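This is data.pdb (PDB, C-alpha atoms and all ligand atoms).
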MODEL        1
ATOM      1  CA  MET A  28       9.556  -9.475  13.686  1.00  0.00           C
ATOM      2  CA  GLY A  29       6.917 -12.198  13.411  1.00  0.00           C
ATOM      3  CA  THR A  30       6.094 -14.173  10.313  1.00  0.00           C
ATOM      4  CA  PRO A  31       6.204 -12.226   7.064  1.00  0.00           C
ATOM      5  CA  VAL A  32       2.704 -12.219   5.567  1.00  0.00           C
ATOM      6  CA  THR A  33       4.036 -13.439   2.222  1.00  0.00           C
ATOM      7  CA  THR A  34       4.476 -16.975   3.598  1.00  0.00           C
ATOM      8  CA  GLY A  35       2.535 -19.493   1.575  1.00  0.00           C
ATOM      9  CA  ILE A  36       2.310 -17.758  -1.804  1.00  0.00           C
ATOM     10  CA  PRO A  37       3.263 -20.300  -4.456  1.00  0.00           C
ATOM     11  CA  MET A  38       6.243 -19.022  -6.460  1.00  0.00           C
ATOM     12  CA  SER A  39       4.458 -19.287  -9.803  1.00  0.00           C
ATOM     13  CA  LEU A  40       1.652 -17.054  -8.578  1.00  0.00           C
ATOM     14  CA  SER A  41       3.944 -14.455  -7.076  1.00  0.00           C
ATOM     15  CA  LYS A  42       5.465 -13.925 -10.542  1.00  0.00           C
ATOM     16  CA  THR A  43       2.139 -12.797 -12.076  1.00  0.00           C
ATOM     17  CA  PRO A  44       2.592  -9.305 -13.628  1.00  0.00           C
ATOM     18  CA  SER A  45       0.998  -7.441 -10.868  1.00  0.00           C
ATOM     19  CA  ILE A  46       0.092  -4.527  -8.707  1.00  0.00           C
ATOM     20  CA  PHE A  47       3.265  -5.208  -6.712  1.00  0.00           C
ATOM     21  CA  GLU A  48       5.343  -3.714  -9.540  1.00  0.00           C
ATOM     22  CA  ASN A  49       3.236  -0.551  -9.682  1.00  0.00           C
ATOM     23  CA  SER A  50       5.244   2.391  -8.372  1.00  0.00           C
ATOM     24  CA  ASP A  51       2.140   4.118  -6.980  1.00  0.00           C
ATOM     25  CA  TYR A  52       1.337   0.947  -5.044  1.00  0.00           C
ATOM     26  CA  LEU A  53       4.798   1.126  -3.479  1.00  0.00           C
ATOM     27  CA  LYS A  54       4.409   4.784  -2.568  1.00  0.00           C
ATOM     28  CA  VAL A  55       0.922   5.422  -1.188  1.00  0.00           C
ATOM     29  CA  PHE A  56      -1.991   3.913   0.728  1.00  0.00           C
ATOM     30  CA  ILE A  57      -4.330   2.448  -1.873  1.00  0.00           C
ATOM     31  CA  THR A  58      -8.031   1.723  -1.949  1.00  0.00           C
ATOM     32  CA  TYR A  59     -10.433   0.424  -4.602  1.00  0.00           C
ATOM     33  CA  CYS A  60     -13.800   1.198  -6.143  1.00  0.00           C
ATOM     34  CA  GLY A  61     -16.642  -0.668  -4.461  1.00  0.00           C
ATOM     35  CA  TYR A  62     -18.504  -0.881  -7.783  1.00  0.00           C
ATOM     36  CA  CYS A  63     -16.005  -1.674 -10.594  1.00  0.00           C
ATOM     37  CA  LEU A  64     -13.242  -2.850  -8.188  1.00  0.00           C
ATOM     38  CA  ASP A  65     -10.587  -0.773  -9.997  1.00  0.00           C
ATOM     39  CA  PHE A  66      -7.725   0.461  -7.868  1.00  0.00           C
ATOM     40  CA  ILE A  67      -7.920   4.011  -6.560  1.00  0.00           C
ATOM     41  CA  PHE A  68      -4.706   5.881  -5.810  1.00  0.00           C
ATOM     42  CA  PRO A  69      -6.093   8.518  -3.451  1.00  0.00           C
ATOM     43  CA  HIS A  70      -3.147  10.916  -3.827  1.00  0.00           C
ATOM     44  CA  LYS A  71      -4.141  11.569  -7.455  1.00  0.00           C
ATOM     45  CA  ASP A  72      -7.455   9.866  -8.336  1.00  0.00           C
ATOM     46  CA  VAL A  73     -10.843  11.476  -7.767  1.00  0.00           C
ATOM     47  CA  SER A  74     -13.081   9.246  -5.650  1.00  0.00           C
ATOM     48  CA  TYR A  75     -16.314   9.474  -3.670  1.00  0.00           C
ATOM     49  CA  SER A  76     -17.523   8.027  -0.375  1.00  0.00           C
ATOM     50  CA  CYS A  77     -21.055   7.285   0.738  1.00  0.00           C
ATOM     51  CA  ILE A  78     -21.885   9.319   3.846  1.00  0.00           C
ATOM     52  CA  GLN A  79     -24.353   6.745   5.161  1.00  0.00           C
ATOM     53  CA  CYS A  80     -22.287   3.604   4.505  1.00  0.00           C
ATOM     54  CA  SER A  81     -19.170   3.882   6.632  1.00  0.00           C
ATOM     55  CA  ASN A  82     -16.966   1.926   4.240  1.00  0.00           C
ATOM     56  CA  TYR A  83     -18.229   2.329   0.676  1.00  0.00           C
ATOM     57  CA  GLY A  84     -16.452   4.396  -1.955  1.00  0.00           C
ATOM     58  CA  VAL A  85     -16.428   4.535  -5.748  1.00  0.00           C
ATOM     59  CA  CYS A  86     -14.181   5.848  -8.495  1.00  0.00           C
ATOM     60  CA  GLN A  87     -14.850   8.774 -10.820  1.00  0.00           C
ATOM     61  CA  LYS A  88     -16.187   6.503 -13.604  1.00  0.00           C
ATOM     62  CA  CYS A  89     -18.753   4.846 -11.360  1.00  0.00           C
ATOM     63  CA  ILE A  90     -20.242   7.763  -9.462  1.00  0.00           C
ATOM     64  CA  ILE A  91     -22.896   8.238 -12.204  1.00  0.00           C
ATOM     65  CA  PHE A  92     -24.214   4.715 -11.596  1.00  0.00           C
ATOM     66  CA  MET A  93     -24.794   5.280  -7.896  1.00  0.00           C
ATOM     67  CA  ARG A  94     -28.250   6.884  -8.221  1.00  0.00           C
ATOM     68  CA  VAL A  95     -29.530   3.590  -9.603  1.00  0.00           C
ATOM     69  CA  GLN A  96     -27.058   1.027  -8.277  1.00  0.00           C
ATOM     70  CA  HIS A  97     -26.793   2.282  -4.689  1.00  0.00           C
ATOM     71  CA  LEU A  98     -29.528   3.193  -2.212  1.00  0.00           C
ATOM     72  CA  SER A  99     -31.018   6.339  -3.756  1.00  0.00           C
ATOM     73  CA  VAL A 100     -31.413   8.086  -0.395  1.00  0.00           C
ATOM     74  CA  HIS A 101     -27.667   7.835   0.225  1.00  0.00           C
ATOM     75  CA  THR A 102     -25.366  10.752  -0.551  1.00  0.00           C
ATOM     76  CA  PHE A 103     -21.826  10.631  -1.938  1.00  0.00           C
ATOM     77  CA  VAL A 104     -19.164  13.235  -1.241  1.00  0.00           C
ATOM     78  CA  GLU A 105     -15.896  13.729  -3.089  1.00  0.00           C
ATOM     79  CA  ASN A 106     -12.885  12.617  -1.034  1.00  0.00           C
ATOM     80  CA  VAL A 107     -10.042  15.020  -0.424  1.00  0.00           C
ATOM     81  CA  LYS A 108      -6.761  13.945  -2.005  1.00  0.00           C
ATOM     82  CA  ASP A 109      -4.937  11.748   0.490  1.00  0.00           C
ATOM     83  CA  THR A 110      -1.359  12.757   1.249  1.00  0.00           C
ATOM     84  CA  SER A 111      -0.809  10.620   4.355  1.00  0.00           C
ATOM     85  CA  ALA A 112       2.012   8.683   2.669  1.00  0.00           C
ATOM     86  CA  ASP A 113       4.002  11.938   2.812  1.00  0.00           C
ATOM     87  CA  GLU A 114       3.951  11.665   6.594  1.00  0.00           C
ATOM     88  CA  VAL A 115       5.342   8.172   7.177  1.00  0.00           C
ATOM     89  CA  ILE A 116       8.849   8.078   8.623  1.00  0.00           C
ATOM     90  CA  HIS A 117      11.547   5.648   7.516  1.00  0.00           C
ATOM     91  CA  TYR A 118      13.351   5.278  10.830  1.00  0.00           C
ATOM     92  CA  GLY A 119      17.074   4.691  10.550  1.00  0.00           C
ATOM     93  CA  VAL A 120      17.226   5.467   6.817  1.00  0.00           C
ATOM     94  CA  THR A 121      19.265   8.597   6.106  1.00  0.00           C
ATOM     95  CA  CYS A 122      18.709  10.668   2.982  1.00  0.00           C
ATOM     96  CA  ASP A 123      22.051  10.744   1.165  1.00  0.00           C
ATOM     97  CA  GLY A 124      21.065  14.099  -0.347  1.00  0.00           C
ATOM     98  CA  CYS A 125      19.999  16.355   2.546  1.00  0.00           C
ATOM     99  CA  GLN A 126      21.405  14.008   5.253  1.00  0.00           C
ATOM    100  CA  SER A 127      18.127  14.019   7.168  1.00  0.00           C
ATOM    101  CA  PRO A 128      18.491  10.981   9.481  1.00  0.00           C
ATOM    102  CA  ASN A 129      14.988   9.478   9.104  1.00  0.00           C
ATOM    103  CA  ILE A 130      13.485   9.892   5.648  1.00  0.00           C
ATOM    104  CA  LEU A 131      10.044  11.479   5.824  1.00  0.00           C
ATOM    105  CA  GLY A 132       7.509  10.466   3.179  1.00  0.00           C
ATOM    106  CA  ILE A 133       8.428   8.471   0.108  1.00  0.00           C
ATOM    107  CA  ARG A 134      11.861   6.861   0.149  1.00  0.00           C
ATOM    108  CA  TYR A 135      13.747   6.287  -3.102  1.00  0.00           C
ATOM    109  CA  GLN A 136      16.665   3.904  -3.447  1.00  0.00           C
ATOM    110  CA  CYS A 137      19.228   3.601  -6.228  1.00  0.00           C
ATOM    111  CA  GLU A 138      18.607   0.377  -8.142  1.00  0.00           C
ATOM    112  CA  GLN A 139      22.211  -0.018  -9.311  1.00  0.00           C
ATOM    113  CA  CYS A 140      24.179   0.670  -6.115  1.00  0.00           C
ATOM    114  CA  GLN A 141      24.007  -2.749  -4.461  1.00  0.00           C
ATOM    115  CA  THR A 142      27.002  -2.835  -2.131  1.00  0.00           C
ATOM    116  CA  LYS A 143      26.254   0.475  -0.450  1.00  0.00           C
ATOM    117  CA  SER A 144      22.597   1.469  -0.360  1.00  0.00           C
ATOM    118  CA  TYR A 145      21.981   5.012  -1.641  1.00  0.00           C
ATOM    119  CA  ASN A 146      18.701   6.642  -0.586  1.00  0.00           C
ATOM    120  CA  LEU A 147      16.974   9.924  -1.323  1.00  0.00           C
ATOM    121  CA  CYS A 148      13.900  11.593   0.104  1.00  0.00           C
ATOM    122  CA  SER A 149      11.227  12.895  -2.268  1.00  0.00           C
ATOM    123  CA  GLN A 150      12.501  16.467  -1.822  1.00  0.00           C
ATOM    124  CA  CYS A 151      15.976  15.462  -3.007  1.00  0.00           C
ATOM    125  CA  LEU A 152      14.925  13.058  -5.772  1.00  0.00           C
ATOM    126  CA  PRO A 153      14.538  15.759  -8.474  1.00  0.00           C
ATOM    127  CA  GLN A 154      18.236  16.616  -7.930  1.00  0.00           C
ATOM    128  CA  ALA A 155      19.343  12.966  -8.111  1.00  0.00           C
ATOM    129  CA  ASN A 156      21.492  13.637 -11.190  1.00  0.00           C
ATOM    130  CA  THR A 157      23.671  16.140  -9.380  1.00  0.00           C
ATOM    131  CA  LEU A 158      23.541  14.615  -5.876  1.00  0.00           C
ATOM    132  CA  HIS A 159      24.419  11.050  -6.852  1.00  0.00           C
ATOM    133  CA  ASP A 160      27.872  10.333  -8.327  1.00  0.00           C
ATOM    134  CA  HIS A 161      26.424   7.932 -10.885  1.00  0.00           C
ATOM    135  CA  GLU A 162      24.366  10.087 -13.218  1.00  0.00           C
ATOM    136  CA  SER A 163      22.747   7.246 -15.166  1.00  0.00           C
ATOM    137  CA  HIS A 164      21.515   5.302 -12.128  1.00  0.00           C
ATOM    138  CA  MET A 165      17.779   4.760 -11.688  1.00  0.00           C
ATOM    139  CA  PHE A 166      15.796   5.214  -8.471  1.00  0.00           C
ATOM    140  CA  LYS A 167      12.788   3.241  -7.326  1.00  0.00           C
ATOM    141  CA  PRO A 168      10.378   3.826  -4.422  1.00  0.00           C
ATOM    142  CA  ILE A 169      10.862   1.543  -1.410  1.00  0.00           C
ATOM    143  CA  GLN A 170       7.595   0.645   0.275  1.00  0.00           C
ATOM    144  CA  HIS A 171       7.240   1.665   3.910  1.00  0.00           C
ATOM    145  CA  PRO A 172       6.293  -1.276   6.208  1.00  0.00           C
ATOM    146  CA  LEU A 173       3.099   0.510   7.290  1.00  0.00           C
ATOM    147  CA  VAL A 174       2.058   1.158   3.677  1.00  0.00           C
ATOM    148  CA  ARG A 175       2.831  -2.466   2.868  1.00  0.00           C
ATOM    149  CA  ALA A 176       0.813  -3.834   5.803  1.00  0.00           C
ATOM    150  CA  LEU A 177      -2.306  -1.779   5.136  1.00  0.00           C
ATOM    151  CA  ASN A 178      -2.143  -2.121   1.349  1.00  0.00           C
ATOM    152  CA  ARG A 179      -1.990  -5.899   1.638  1.00  0.00           C
ATOM    153  CA  ILE A 180      -5.190  -5.909   3.691  1.00  0.00           C
ATOM    154  CA  VAL A 181      -6.896  -3.762   1.035  1.00  0.00           C
ATOM    155  CA  LEU A 182      -5.555  -6.077  -1.690  1.00  0.00           C
ATOM    156  CA  ALA A 183      -6.876  -9.120   0.149  1.00  0.00           C
ATOM    157  CA  HIS A 184     -10.383  -7.668   0.437  1.00  0.00           C
ATOM    158  CA  ARG A 185     -10.322  -6.658  -3.205  1.00  0.00           C
ATOM    159  CA  ALA A 186      -9.055 -10.095  -4.289  1.00  0.00           C
ATOM    160  CA  ILE A 187     -12.020 -11.706  -2.520  1.00  0.00           C
ATOM    161  CA  ASP A 188     -14.452  -9.307  -4.226  1.00  0.00           C
ATOM    162  CA  VAL A 189     -12.836  -9.916  -7.635  1.00  0.00           C
ATOM    163  CA  CYS A 190     -12.967 -13.707  -7.269  1.00  0.00           C
ATOM    164  CA  ARG A 191     -16.579 -13.561  -6.059  1.00  0.00           C
ATOM    165  CA  THR A 192     -17.990 -11.199  -8.674  1.00  0.00           C
ATOM    166  CA  LYS A 193     -15.996 -12.386 -11.701  1.00  0.00           C
ATOM    167  CA  LEU A 194     -15.900 -16.052 -10.687  1.00  0.00           C
ATOM    168  CA  PHE A 195     -12.110 -16.122 -10.993  1.00  0.00           C
ATOM    169  CA  GLN A 196     -10.005 -18.852  -9.394  1.00  0.00           C
ATOM    170  CA  GLN A 197      -7.405 -16.269  -8.573  1.00  0.00           C
ATOM    171  CA  ASP A 198      -7.213 -12.507  -8.580  1.00  0.00           C
ATOM    172  CA  PRO A 199      -5.148 -11.396 -11.617  1.00  0.00           C
ATOM    173  CA  ALA A 200      -3.662  -8.355  -9.855  1.00  0.00           C
ATOM    174  CA  THR A 201      -2.134 -10.262  -6.945  1.00  0.00           C
ATOM    175  CA  GLY A 202      -2.217 -13.901  -8.025  1.00  0.00           C
ATOM    176  CA  TRP A 203      -3.998 -14.682  -4.743  1.00  0.00           C
ATOM    177  CA  THR A 204      -6.766 -17.254  -4.499  1.00  0.00           C
ATOM    178  CA  ILE A 205      -9.900 -16.431  -2.545  1.00  0.00           C
ATOM    179  CA  ASN A 206      -8.837 -18.750   0.281  1.00  0.00           C
ATOM    180  CA  TYR A 207      -5.405 -17.221   0.527  1.00  0.00           C
ATOM    181  CA  ALA A 208      -6.906 -13.715   0.540  1.00  0.00           C
ATOM    182  CA  LYS A 209      -9.365 -14.718   3.281  1.00  0.00           C
ATOM    183  CA  GLN A 210      -6.471 -16.002   5.338  1.00  0.00           C
ATOM    184  CA  LEU A 211      -4.719 -12.648   4.952  1.00  0.00           C
ATOM    185  CA  THR A 212      -7.750 -10.703   6.153  1.00  0.00           C
ATOM    186  CA  LYS A 213      -8.055 -12.893   9.240  1.00  0.00           C
ATOM    187  CA  GLN A 214      -4.384 -12.867  10.141  1.00  0.00           C
ATOM    188  CA  VAL A 215      -3.073 -10.656  12.850  1.00  0.00           C
ATOM    189  CA  VAL A 216      -0.982  -8.207  10.900  1.00  0.00           C
ATOM    190  CA  THR A 217       2.710  -8.579  11.498  1.00  0.00           C
ATOM    191  CA  VAL A 218       5.028  -5.986  10.110  1.00  0.00           C
ATOM    192  CA  ASP A 219       8.479  -6.959   8.967  1.00  0.00           C
ATOM    193  CA  THR A 220      10.653  -3.996   9.890  1.00  0.00           C
ATOM    194  CA  GLU A 221      13.440  -5.261   7.637  1.00  0.00           C
ATOM    195  CA  ASN A 222      11.162  -5.086   4.624  1.00  0.00           C
ATOM    196  CA  GLY A 223      11.756  -2.009   2.584  1.00  0.00           C
ATOM    197  CA  THR A 224      15.215  -1.557   4.002  1.00  0.00           C
ATOM    198  CA  SER A 225      18.252  -3.014   2.321  1.00  0.00           C
ATOM    199  CA  HIS A 226      20.978  -4.899   4.150  1.00  0.00           C
ATOM    200  CA  ASN A 227      22.990  -1.697   4.391  1.00  0.00           C
ATOM    201  CA  ASP A 228      20.436   0.148   6.435  1.00  0.00           C
ATOM    202  CA  LYS A 229      21.076  -0.240  10.109  1.00  0.00           C
ATOM    203  CA  ILE A 230      17.760  -0.269  11.895  1.00  0.00           C
ATOM    204  CA  GLU A 231      18.106   0.878  15.461  1.00  0.00           C
ATOM    205  CA  HIS A 232      15.391  -0.628  17.586  1.00  0.00           C
ATOM    206  CA  ASN A 233      15.127   2.496  19.651  1.00  0.00           C
ATOM    207  CA  ASP A 234      12.110   4.036  21.307  1.00  0.00           C
ATOM    208  CA  SER A 235      10.823   5.851  18.255  1.00  0.00           C
ATOM    209  CA  GLU A 236      11.067   2.648  16.227  1.00  0.00           C
ATOM    210  CA  MET A 237       9.081   0.754  18.846  1.00  0.00           C
ATOM    211  CA  GLU A 238       6.587   3.593  19.044  1.00  0.00           C
ATOM    212  CA  MET A 239       6.137   3.471  15.289  1.00  0.00           C
ATOM    213  CA  MET A 240       5.612  -0.293  15.375  1.00  0.00           C
ATOM    214  CA  LYS A 241       2.933   0.164  17.997  1.00  0.00           C
ATOM    215  CA  ILE A 242       1.169   2.731  15.819  1.00  0.00           C
ATOM    216  CA  VAL A 243       1.487   0.387  12.836  1.00  0.00           C
ATOM    217  CA  CYS A 244      -0.173  -2.418  14.762  1.00  0.00           C
ATOM    218  CA  ASP A 245      -2.892  -0.174  16.198  1.00  0.00           C
ATOM    219  CA  VAL A 246      -3.747   1.311  12.822  1.00  0.00           C
ATOM    220  CA  ALA A 247      -3.705  -2.072  11.125  1.00  0.00           C
ATOM    221  CA  GLU A 248      -5.889  -3.573  13.821  1.00  0.00           C
ATOM    222  CA  THR A 249      -8.410  -0.723  13.729  1.00  0.00           C
ATOM    223  CA  PHE A 250      -8.531  -0.934   9.963  1.00  0.00           C
ATOM    224  CA  ARG A 251      -8.941  -4.702  10.051  1.00  0.00           C
ATOM    225  CA  GLN A 252     -11.760  -4.573  12.565  1.00  0.00           C
ATOM    226  CA  GLY A 253     -13.504  -1.842  10.584  1.00  0.00           C
ATOM    227  CA  ALA A 254     -13.203  -3.865   7.416  1.00  0.00           C
ATOM    228  CA  LEU A 255     -14.365  -7.064   9.105  1.00  0.00           C
ATOM    229  CA  GLY A 256     -17.382  -5.308  10.554  1.00  0.00           C
ATOM    230  CA  GLN A 257     -18.456  -4.211   7.082  1.00  0.00           C
ATOM    231  CA  SER A 258     -18.014  -7.463   5.266  1.00  0.00           C
ATOM    232  CA  GLU A 259     -20.907  -9.782   4.706  1.00  0.00           C
ATOM    233  CA  TRP A 260     -18.549 -12.507   3.533  1.00  0.00           C
ATOM    234  CA  LEU A 261     -16.747 -13.013   6.814  1.00  0.00           C
TER
HETATM  235 ZN    ZN B   1     -15.410   2.262 -10.317  1.00  0.00          ZN
HETATM  236 ZN    ZN B   2     -24.446   4.083   1.041  1.00  0.00          ZN
HETATM  237 ZN    ZN B   3      16.721  14.544   1.206  1.00  0.00          ZN
HETATM  238 ZN    ZN B   4      23.588   4.447  -7.734  1.00  0.00          ZN
ENDMDL
END
Spell out the structure here as structure tokens.
Ligand SMILES: [Zn+2]
Ligand SMILES: [Zn+2]
Ligand SMILES: [Zn+2]
Ligand SMILES: [Zn+2]
Amino acid sequence: MGTPVTTGIPMSLSKTPSIFENSDYLKVFITYCGYCLDFIFPHKDVSYSCIQCSNYGVCQKCIIFMRVQHLSVHTFVENVKDTSADEVIHYGVTCDGCQSPNILGIRYQCEQCQTKSYNLCSQCLPQANTLHDHESHMFKPIQHPLVRALNRIVLAHRAIDVCRTKLFQQDPATGWTINYAKQLTKQVVTVDTENGTSHNDKIEHNDSEMEMMKIVCDVAETFRQGALGQSEWL
């Protein structure tokens, strides 16, 4: 559906050892520290948000600098651990362990079984050794299209900040140049429903699928507008 947002990345850049290989990146909605620009994985990292600035947060290392480096009248609060990635639904992907028809939360796929895709939900993953016939096979998280869409917007904003503050030609984590990242932030987000599903997964374009796509687009658009409104560089 639409043009995949990866279009235009030079091959050499896309091979940079990167955030894209990080299993937490594949699993959850990420964010980053507004001060040191390090990634924050909100399901496990402690982070803080400024109450007065609607879109400014920092990591645990940087909170001590905020009294001096941020407006001193502003107040930071600790964020609650974010578990929203546990609530995304992989429509049309059945868990081969518990047979639930649409995997809820993080989806894991066997890396070795190529001809017939074998998937497990996060509840069943700990029993992979007994559930799956091939005991030695490894599982990897498959990124949900919504997680992918929103994470790429966050990555684009971070890449711009990294290039600006460190005077880099390209962001080491993504391999993106500042111009490419700017393009990504201005693009209308299109979500590739085939992404994150192997060729064996039959996606039924039924009502719930369409409903999910609508939510994806709404969320992405709201997020994008919020981010654009905050950014002095756009
Ligand atoms: Zn930081
Ligand atoms: Zn503030
Ligand atoms: Zn399961
Ligand atoms: Zn397997």
**Report entry** Hits from the PyMOL selection byres (((not hetatm)) within 12 of (chain B and resi 3)), listed as an MDAnalysis selection string
**Finding:** chainID A and resid 120:136 145:155 158:159
Query - Of the listed residues A:Tyr83, A:Tyr207, A:Phe166, A:Phe195, that which approaches ligand ZN 4 (chain B) most closely, counting all atoms listed in the file - result: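 Going through A:Tyr83, A:Tyr207, A:Phe166, A:Phe195 one by one, the smallest distance to ligand ZN 4 (chain B) is for A:Phe166.
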Query raised in the report: In Å, with one decimal, what is the gap from CA of Asn106 (chain A) to CA of Ser81 (chain A)?
Result: 13.2 Å
Requested in this report: Would you mind listing what lies within 12 Å of Arg191 (chain A) as a PyMOL selection string, with all atoms listed in the file counted and same-chain residues fewer than 5 positions away left out?
Outcome: chain A and resi 64+184-186+196-198+204-206+208-209+260
Report task. Output the neighbourhood of ligand ZN 2 (chain B) as a list in words, that is, all protein and nucleic acid residues with some atom at most 12 Å from the ligand, counting only C-alpha atoms and all ligand atoms. Result -> Gly61, Tyr62, Tyr75, Ser76, Cys77, Ile78, Gln79, Cys80, Ser81, Asn82, Tyr83, Gly84, Val85, Ile90, Met93, Arg94, Val95, Gln96, His97, Leu98, Ser99, Val100, His101, Thr102, Phe103, Val104 and Gln257 of chain A
Query raised in the report: ligand ZN 4 (chain B): which residues are within 10 Å, counting all atoms listed in the file, as a list in words?
Result: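 Here is the list of contacting residues: Gln136, Cys137, Glu138, Gln139, Cys140, Gln141, Thr142, Lys143, Ser144, Tyr145, Asn146, Ala155, His159, Asp160, His161, Glu162, Ser163, His164, Met165 and Phe166 of chain A.
With distances restricted to all atoms listed in the file, A:Asp65 is the closest residue to ligand ZN 1 (chain B) from A:Asp72, A:Asp51, A:Asp65, A:Asp113.
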**Report entry** Pairwise distance for atom ZN of ligand ZN 1 (chain B) and CA of Glu114 (chain A), rounded to one decimal in Å
**Finding:**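 Calculated distance between atom ZN of ligand ZN 1 (chain B) and CA of Glu114 (chain A) is 27.4 Å.
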Report task. Determine the nearest neighbour of ligand ZN 1 (chain B) from the options A:Ser45, A:Thr58, A:Gln170, A:Thr157, counting only C-alpha atoms and all ligand atoms. Result ->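 Using only C-alpha atoms and all ligand atoms, the shortest distance to ligand ZN 1 (chain B) belongs to A:Thr58.
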Query - Residue among A:Phe92, A:Phe56, A:Pro69, A:Trp203 lying closest to ligand ZN 1 (chain B), counting all atoms listed in the file - result: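 Among the listed residues, the smallest separation from ligand ZN 1 (chain B) belongs to A:Phe92.
Considering all atoms listed in the file, the residue among A:Gln210, A:Ser74, A:Asn178, A:Asn49 positioned nearest to ligand ZN 1 (chain B) is A:Ser74.
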Query raised in the report: How many Å lie between CA of Val115 (chain A) and CA of Thr201 (chain A), rounded to one decimal?
Result: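 Taking CA of Val115 (chain A) and CA of Thr201 (chain A), their separation equals 24.4 Å.
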